[in-house]
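S.K.: One structure, as structure tokens, below. Some questions next.
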Amino acid sequence: MTALHAKNNSPLNGYLFTSESVSEGHPDKVCDQISDAILDAYLRQEPLSRVACETMATENRIILSGEITSSSEIDVEPIVREVIRKIGYVHPDKGFDYNCQIQNYLHAQEGDLARNQGAGDQGLMFGYASNQCKSLMPIPIEMAHQLLINLAKVRKSGEIPCLMPDAKSQVSFRYLGRKPSELDTVVISTHHQDICELDFEDLKHEIIKKVVHPTIGKMEDQVRFDGRKVKILINPLGRWHDGGPAADTGLTGRKIIVDTYGGWAQHGGGAFSGKDATKVDRSAAYMARHIAKSIVGSGLADECLIQFSFVIGDSEPVSLMVETFGSAIMPESELETLIRNRFDLTVKGIIEYLELNRAIYLPTASYGHFGLNACKQSWEQIKYLG
């Protein structure tokens with residue numbers, strides 16, 4: 001049992017818990033989006049394509065590597081440039097933009113792995129759901145995502161001028177037992193164009209007015225919490241003129257906690273972006289979220305954690321764990337039986353049930369694979385189990 005879960009001993013035991021998110025312009029997220037855009041391009045042409053695409057972003061350069069097996073041939077360079085352009089890296093004087101150099105080292109996958117019909121690798125995967133907020137996500141990570149989604153909207157619309165794509169958010173909630181009670185701190189750090197100190201102060205006020213307060217208000221409409229004493233920090237270190245891949249190297253798969261539950265639930269260690277659904281790091285984690293959300297959404301528990309483990313080449317998980325932290329209306333052994341009876345947990349069954357051979361992945365590559373950002377995805381739908 002983790003230290004966080006041990007805090008369940010007393011409902012009066014107040015503590016702070018923090019999650020962070022990063023924007024679509026963060027160097028690691030640039031890489032995730034490129035990898036998933038390439039995956040989508042192959043799946044659009046050939047749904048049975050096997051893709052494991054890794055991306056590195058650095059000053060004025062993108063480097064692609066990994067393994068692809070497909071009957072289609074894709075010109076990946078225009079895909080890469082369009083992703084970068086849409087993110088907002090369009091200024092040629094900032095050290096990174098969509099006209100950067102692209103080095104492509106993608107190659108064919110080794111034959112035995114390409115033909116394998118079972119799990120594409122060994123590993124363990126977790127899925128989680130909680131009634132902390134409407135999306136059945138932990139509220140700190142959901143709010144952290146929504147802050148940056150709204151920041152991107154005012155950047156792209158020009159409502160707040162001089163913003164650049166790279167940004168981070170951080171949200172701290174006070175909990176009583178395992179329930180959020182008070183919003184303690186909100187932090188946004190955002191890259192921006194060269195501005196003077198006076199304009200920087202105006203920028204901070206605009207972000208608080210047009211991003212932070214509206215985001216908190218919308219979350220308060222969904223969930224009851226005390227936000228009256230929240231501390232709001234915008235660029236606490238000061239002006240931030242140098243950001244993006246020109247200032248910090250990015251890699252695919254380096255934001256796995258941002259992608260999932262913000263640290264509130266466990267993580268098996270496997271990243272998602274750039275991987276087709278035969279890689280159970282991705283598909284089984286999506287299935288585990290769907291099952292956990294279905295259990296909570298069906299009123300069978302207030303929160304639920306699912307763990308799968310797979311052996312490479314095997315078609316079914318070698319283990320299934322259900323943990324509800326004492327919130328279920330039935331024993332967890334009965335929930336496990338219910339899951340096995342109601343869901344096909346084979347790799348093939350997961351892919352077919354969630355329709356994971358479609359070109360659906362680019363939208364998940366920033367602002368979370370679960371929760372509001374992914375609300376239209378198959379794994380975010382609730383299967384009622386009553």
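Identifiers in the structure tokens: chain A, B, ... in order shown; residue index from 1 per chain; ligand index from 1 in order shown.
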What's around A:Val30 at 8 Å? Count only C-alpha atoms, leave out sequence neighbours fewer than 6 positions away in its own chain, and write the answer as a PyMOL selection string.
M.R.: chain A and resi 24+57+83-84+87+250
S.K.: As a list in words, please: the residues near stretch 330-334 of chain A (cut-off 12 Å, only C-alpha atoms, same-chain neighbours under 3 positions excluded).
M.R.: Ile295, Gly299, Leu300, Ala301, Asp302, Cys304, Leu305, Ile306, Leu320, Met321, Val322, Glu323, Thr324, Phe325, Gly326, Ser327, Thr337, Leu338, Ile339, Arg340, Asn341 and Gly386 of chain A
S.K.: Would you pick out the contacts of stretch 213-221 of chain A at 9 Å or less, using only C-alpha atoms, so that residues sharing its chain but fewer than 2 positions from it are not included, and give the list as a list in words?
M.R.: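 Once the nearby chain positions are removed, what remains is Cys133, Lys134, Ile139, Met143, Gln146, Leu147, Asn150, Ile207, Ile208, Lys209, Lys210, Val211, Val223, Arg224, Phe225, Asp226 and Gly227 of chain A.
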S.K.: Do you have, as a tab-separated table, the list of residues of stretch 231-306 of chain A lying at most 10 Å from stretch 351-364 of chain A, each with its nearest atom pair and that distance in Å to one decimal, counting only C-alpha atoms and ordered by chain then number?
M.R.:
residue	atom	partner	partner_atom	distance
A:Asp259	CA	A:Thr364	CA	8.4
A:Phe272	CA	A:Thr364	CA	9.4
A:Ser273	CA	A:Tyr361	CA	7.7
A:Gly274	CA	A:Tyr361	CA	8.5
A:Lys275	CA	A:Tyr361	CA	9.4
A:Asp276	CA	A:Asn357	CA	7.6
A:Ala277	CA	A:Leu356	CA	6.0
A:Thr278	CA	A:Ile351	CA	7.7
A:Val280	CA	A:Ile351	CA	9.7
A:Arg282	CA	A:Leu356	CA	9.9
A:Ser283	CA	A:Ile351	CA	6.9
A:Ala284	CA	A:Ile351	CA	9.0
A:Tyr286	CA	A:Leu354	CA	8.5
A:Met287	CA	A:Leu354	CA	7.7
A:His290	CA	A:Leu354	CA	9.1
S.K.: Report, in Å with one decimal, the straight-line distance from atom CA of A:Gln101 to atom CA of A:Thr249.
M.R.: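 Atom CA of A:Thr249 lies at a distance of 14.5 Å from atom CA of A:Gln101.
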S.K.: Give the helix (DSSP H, G or I) residues of stretch 133-279 of chain A, as DSSP finds them on the backbone, and put them as a PyMOL selection string.
M.R.: chain A and resi 139-157+197-222+244-246+256-259
S.K.: Hey, what does DSSP flag as strand (DSSP E or B) within stretch 116-197 of chain A? Can you give it to me as a PyMOL selection string?
M.R.: chain A and resi 123-130+163-176+179-192
S.K.: Could you tell me how far atom CA of A:Ile63 lies from atom CA of A:Asp281, in Å and to one decimal?
M.R.: 22.9 Å
S.K.: Tell me, as a ChimeraX atom specification, which residues lie within 7 Å of A:Glu316, counting only C-alpha atoms; anything in the same chain fewer than 6 positions away does not count.
M.R.: /A:310,345-347
S.K.: Can you build me a table of stretch 195-284 of chain A residues sitting at most 12 Å from stretch 152-168 of chain A, with the closest atom pair per residue and its distance in Å to one decimal, using only C-alpha atoms, sorted by chain and residue number, as JSON lines?
M.R.:
{"residue": "A:Ile195", "atom": "CA", "partner": "A:Cys162", "partner_atom": "CA", "distance": 8.1}
{"residue": "A:Cys196", "atom": "CA", "partner": "A:Cys162", "partner_atom": "CA", "distance": 11.5}
{"residue": "A:Asp199", "atom": "CA", "partner": "A:Cys162", "partner_atom": "CA", "distance": 9.8}
{"residue": "A:Phe200", "atom": "CA", "partner": "A:Cys162", "partner_atom": "CA", "distance": 9.8}
{"residue": "A:Asp202", "atom": "CA", "partner": "A:Ile160", "partner_atom": "CA", "distance": 10.0}
{"residue": "A:Leu203", "atom": "CA", "partner": "A:Ile160", "partner_atom": "CA", "distance": 7.5}
{"residue": "A:Lys204", "atom": "CA", "partner": "A:Ile160", "partner_atom": "CA", "distance": 10.1}
{"residue": "A:His205", "atom": "CA", "partner": "A:Ile160", "partner_atom": "CA", "distance": 10.5}
{"residue": "A:Glu206", "atom": "CA", "partner": "A:Ile160", "partner_atom": "CA", "distance": 7.0}
{"residue": "A:Ile207", "atom": "CA", "partner": "A:Ile160", "partner_atom": "CA", "distance": 7.8}
{"residue": "A:Ile208", "atom": "CA", "partner": "A:Ile160", "partner_atom": "CA", "distance": 11.2}
{"residue": "A:Lys209", "atom": "CA", "partner": "A:Ile160", "partner_atom": "CA", "distance": 10.6}
{"residue": "A:Lys210", "atom": "CA", "partner": "A:Val154", "partner_atom": "CA", "distance": 7.9}
{"residue": "A:Val211", "atom": "CA", "partner": "A:Val154", "partner_atom": "CA", "distance": 7.9}
{"residue": "A:Val212", "atom": "CA", "partner": "A:Val154", "partner_atom": "CA", "distance": 11.7}
{"residue": "A:Leu233", "atom": "CA", "partner": "A:Lys168", "partner_atom": "CA", "distance": 11.7}
{"residue": "A:Ile234", "atom": "CA", "partner": "A:Lys168", "partner_atom": "CA", "distance": 10.2}
{"residue": "A:Asn235", "atom": "CA", "partner": "A:Lys168", "partner_atom": "CA", "distance": 9.5}
{"residue": "A:Pro236", "atom": "CA", "partner": "A:Lys168", "partner_atom": "CA", "distance": 11.8}
{"residue": "A:Arg239", "atom": "CA", "partner": "A:Leu163", "partner_atom": "CA", "distance": 11.4}
{"residue": "A:Trp240", "atom": "CA", "partner": "A:Met164", "partner_atom": "CA", "distance": 9.7}
{"residue": "A:His241", "atom": "CA", "partner": "A:Met164", "partner_atom": "CA", "distance": 8.9}
{"residue": "A:Asp242", "atom": "CA", "partner": "A:Asp166", "partner_atom": "CA", "distance": 9.4}
{"residue": "A:Gly243", "atom": "CA", "partner": "A:Asp166", "partner_atom": "CA", "distance": 6.1}
{"residue": "A:Gly244", "atom": "CA", "partner": "A:Asp166", "partner_atom": "CA", "distance": 5.5}
{"residue": "A:Pro245", "atom": "CA", "partner": "A:Asp166", "partner_atom": "CA", "distance": 8.9}
{"residue": "A:Ala246", "atom": "CA", "partner": "A:Asp166", "partner_atom": "CA", "distance": 10.8}
{"residue": "A:Ala247", "atom": "CA", "partner": "A:Asp166", "partner_atom": "CA", "distance": 10.4}
{"residue": "A:Asp248", "atom": "CA", "partner": "A:Asp166", "partner_atom": "CA", "distance": 10.4}
{"residue": "A:Gly250", "atom": "CA", "partner": "A:Asp166", "partner_atom": "CA", "distance": 11.6}
{"residue": "A:Lys255", "atom": "CA", "partner": "A:Lys168", "partner_atom": "CA", "distance": 11.9}
{"residue": "A:Val258", "atom": "CA", "partner": "A:Lys168", "partner_atom": "CA", "distance": 10.6}
S.K.: Using N, CA and C atoms, can you export the residues from the last selection as a compact mmCIF listing (two decimals), in the first residue's frame?
M.R.:
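This went into part-v2.txt:
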# COMPACT_ATOMS: atom_id res chain seq x y z
N ILE A 195 9.04 40.76 -23.77
CA ILE A 195 8.22 41.89 -23.34
C ILE A 195 8.89 42.55 -22.15
N CYS A 196 8.53 43.81 -21.92
CA CYS A 196 9.08 44.54 -20.78
C CYS A 196 8.37 44.13 -19.49
N ASP A 199 4.62 45.15 -19.30
CA ASP A 199 3.75 44.27 -20.10
C ASP A 199 3.64 42.89 -19.47
N PHE A 200 4.70 42.45 -18.82
CA PHE A 200 4.67 41.15 -18.15
C PHE A 200 3.65 41.15 -17.01
N ASP A 202 0.98 43.00 -16.89
CA ASP A 202 -0.32 42.96 -17.55
C ASP A 202 -0.66 41.55 -18.02
N LEU A 203 0.34 40.86 -18.54
CA LEU A 203 0.13 39.49 -19.01
C LEU A 203 -0.34 38.59 -17.88
N LYS A 204 0.28 38.71 -16.73
CA LYS A 204 -0.11 37.88 -15.59
C LYS A 204 -1.55 38.15 -15.17
N HIS A 205 -1.93 39.40 -15.14
CA HIS A 205 -3.31 39.75 -14.77
C HIS A 205 -4.31 39.20 -15.79
N GLU A 206 -3.96 39.25 -17.07
CA GLU A 206 -4.85 38.74 -18.11
C GLU A 206 -5.01 37.22 -17.98
N ILE A 207 -3.95 36.52 -17.67
CA ILE A 207 -4.03 35.06 -17.51
C ILE A 207 -4.92 34.71 -16.32
N ILE A 208 -4.77 35.44 -15.22
CA ILE A 208 -5.62 35.19 -14.05
C ILE A 208 -7.08 35.45 -14.39
N LYS A 209 -7.34 36.55 -15.09
CA LYS A 209 -8.70 36.95 -15.41
C LYS A 209 -9.37 36.04 -16.44
N LYS A 210 -8.63 35.69 -17.50
CA LYS A 210 -9.24 35.00 -18.64
C LYS A 210 -9.00 33.50 -18.67
N VAL A 211 -8.10 33.00 -17.83
CA VAL A 211 -7.80 31.56 -17.82
C VAL A 211 -8.08 30.95 -16.45
N VAL A 212 -7.44 31.50 -15.41
CA VAL A 212 -7.50 30.84 -14.10
C VAL A 212 -8.90 30.93 -13.49
N LEU A 233 -0.29 31.66 -8.72
CA LEU A 233 1.06 32.08 -9.09
C LEU A 233 1.22 31.96 -10.60
N ILE A 234 1.58 33.06 -11.27
CA ILE A 234 1.82 33.07 -12.70
C ILE A 234 3.30 33.39 -12.94
N ASN A 235 3.98 32.49 -13.62
CA ASN A 235 5.42 32.65 -13.89
C ASN A 235 6.16 33.11 -12.62
N PRO A 236 6.15 32.30 -11.58
CA PRO A 236 6.74 32.75 -10.31
C PRO A 236 8.23 33.07 -10.39
N ARG A 239 9.88 36.57 -16.02
CA ARG A 239 9.67 36.46 -17.46
C ARG A 239 10.35 35.22 -18.03
N TRP A 240 9.72 34.65 -19.06
CA TRP A 240 10.21 33.40 -19.66
C TRP A 240 10.23 33.60 -21.18
N HIS A 241 11.39 34.01 -21.69
CA HIS A 241 11.53 34.32 -23.11
C HIS A 241 12.02 33.14 -23.94
N ASP A 242 12.75 32.22 -23.33
CA ASP A 242 13.37 31.12 -24.07
C ASP A 242 12.70 29.81 -23.67
N GLY A 243 11.91 29.24 -24.60
CA GLY A 243 11.20 28.00 -24.29
C GLY A 243 11.14 27.10 -25.49
N GLY A 244 10.35 26.02 -25.36
CA GLY A 244 10.19 25.08 -26.45
C GLY A 244 11.43 24.24 -26.70
N PRO A 245 11.43 23.47 -27.79
CA PRO A 245 12.57 22.58 -28.09
C PRO A 245 13.89 23.32 -28.31
N ALA A 246 13.85 24.61 -28.62
CA ALA A 246 15.09 25.36 -28.76
C ALA A 246 15.82 25.50 -27.44
N ALA A 247 15.09 25.40 -26.33
CA ALA A 247 15.69 25.58 -25.01
C ALA A 247 15.76 24.30 -24.20
N ASP A 248 14.98 23.28 -24.60
CA ASP A 248 14.90 22.05 -23.80
C ASP A 248 14.56 20.88 -24.72
N GLY A 250 13.13 17.50 -26.18
CA GLY A 250 11.93 16.73 -25.92
C GLY A 250 12.06 15.30 -26.42
N LYS A 255 6.21 11.94 -20.40
CA LYS A 255 5.22 12.58 -19.53
C LYS A 255 4.10 11.60 -19.18
N VAL A 258 1.63 12.86 -16.39
CA VAL A 258 0.74 13.88 -16.97
C VAL A 258 -0.31 13.22 -17.84
S.K.: Within 8 Å of A:His107, counting only C-alpha atoms, which residues qualify if same-chain residues fewer than 2 places away don't, as a list of chain:residue names?
M.R.: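 Answer for this query is A:Ser65, A:Gly66, A:Glu67, A:Ile68, A:Tyr105, A:Gln109.
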S.K.: From the set A:Lys383, A:Lys229, A:Lys94, A:Lys293, which residue has the shortest atom-to-atom contact distance to A:Tyr128, counting only C-alpha atoms?
M.R.: A:Lys293
S.K.: Fewer than 2 positions away in the same chain doesn't count, so skip those; otherwise give me all residues within 10 Å of A:Glu380, counting only C-alpha atoms, as a PyMOL selection string.
M.R.: chain A and resi 135-136+286-287+289-294+354+369-378+382-383
S.K.: Kindly give the distance, in Å, that separates atom CA of A:Trp264 and atom CA of A:Thr252, rounded to a single decimal.
M.R.: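 The value is 22.1 Å.
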S.K.: Quick one: of A:Gln266, A:Ser181, A:Thr260, A:Ser130, who's nearest to A:Ser298, counting only C-alpha atoms?
M.R.: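 Closest candidate: A:Ser130.
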S.K.: Quick one: everything within 8 Å of A:Ser35, counting only C-alpha atoms, minus sequence neighbours fewer than 3 positions away in the same chain. Send it as number ranges by chain.
M.R.: A: 31-32, 38-39, 53-55, 252, 273-274
S.K.: Limited to C-alpha atoms, could you put the picked residues into a file as a PDB file, in the first residue's frame?
M.R.:
ATOM      1  CA  CYS A  31       7.259  14.672 -29.619  1.00  0.00           C
ATOM      2  CA  ASP A  32       4.201  12.772 -28.394  1.00  0.00           C
ATOM      3  CA  ILE A  38       2.500   9.368 -37.698  1.00  0.00           C
ATOM      4  CA  LEU A  39       0.687   6.428 -36.068  1.00  0.00           C
ATOM      5  CA  CYS A  53       7.447   5.621 -33.429  1.00  0.00           C
ATOM      6  CA  GLU A  54       9.822   7.595 -31.220  1.00  0.00           C
ATOM      7  CA  THR A  55      10.527  11.304 -31.670  1.00  0.00           C
ATOM      8  CA  THR A 252       8.281  10.797 -26.794  1.00  0.00           C
ATOM      9  CA  SER A 273       2.170   7.792 -27.787  1.00  0.00           C
ATOM     10  CA  GLY A 274       3.486   6.372 -31.055  1.00  0.00           C
TER      11      GLY A 274
END
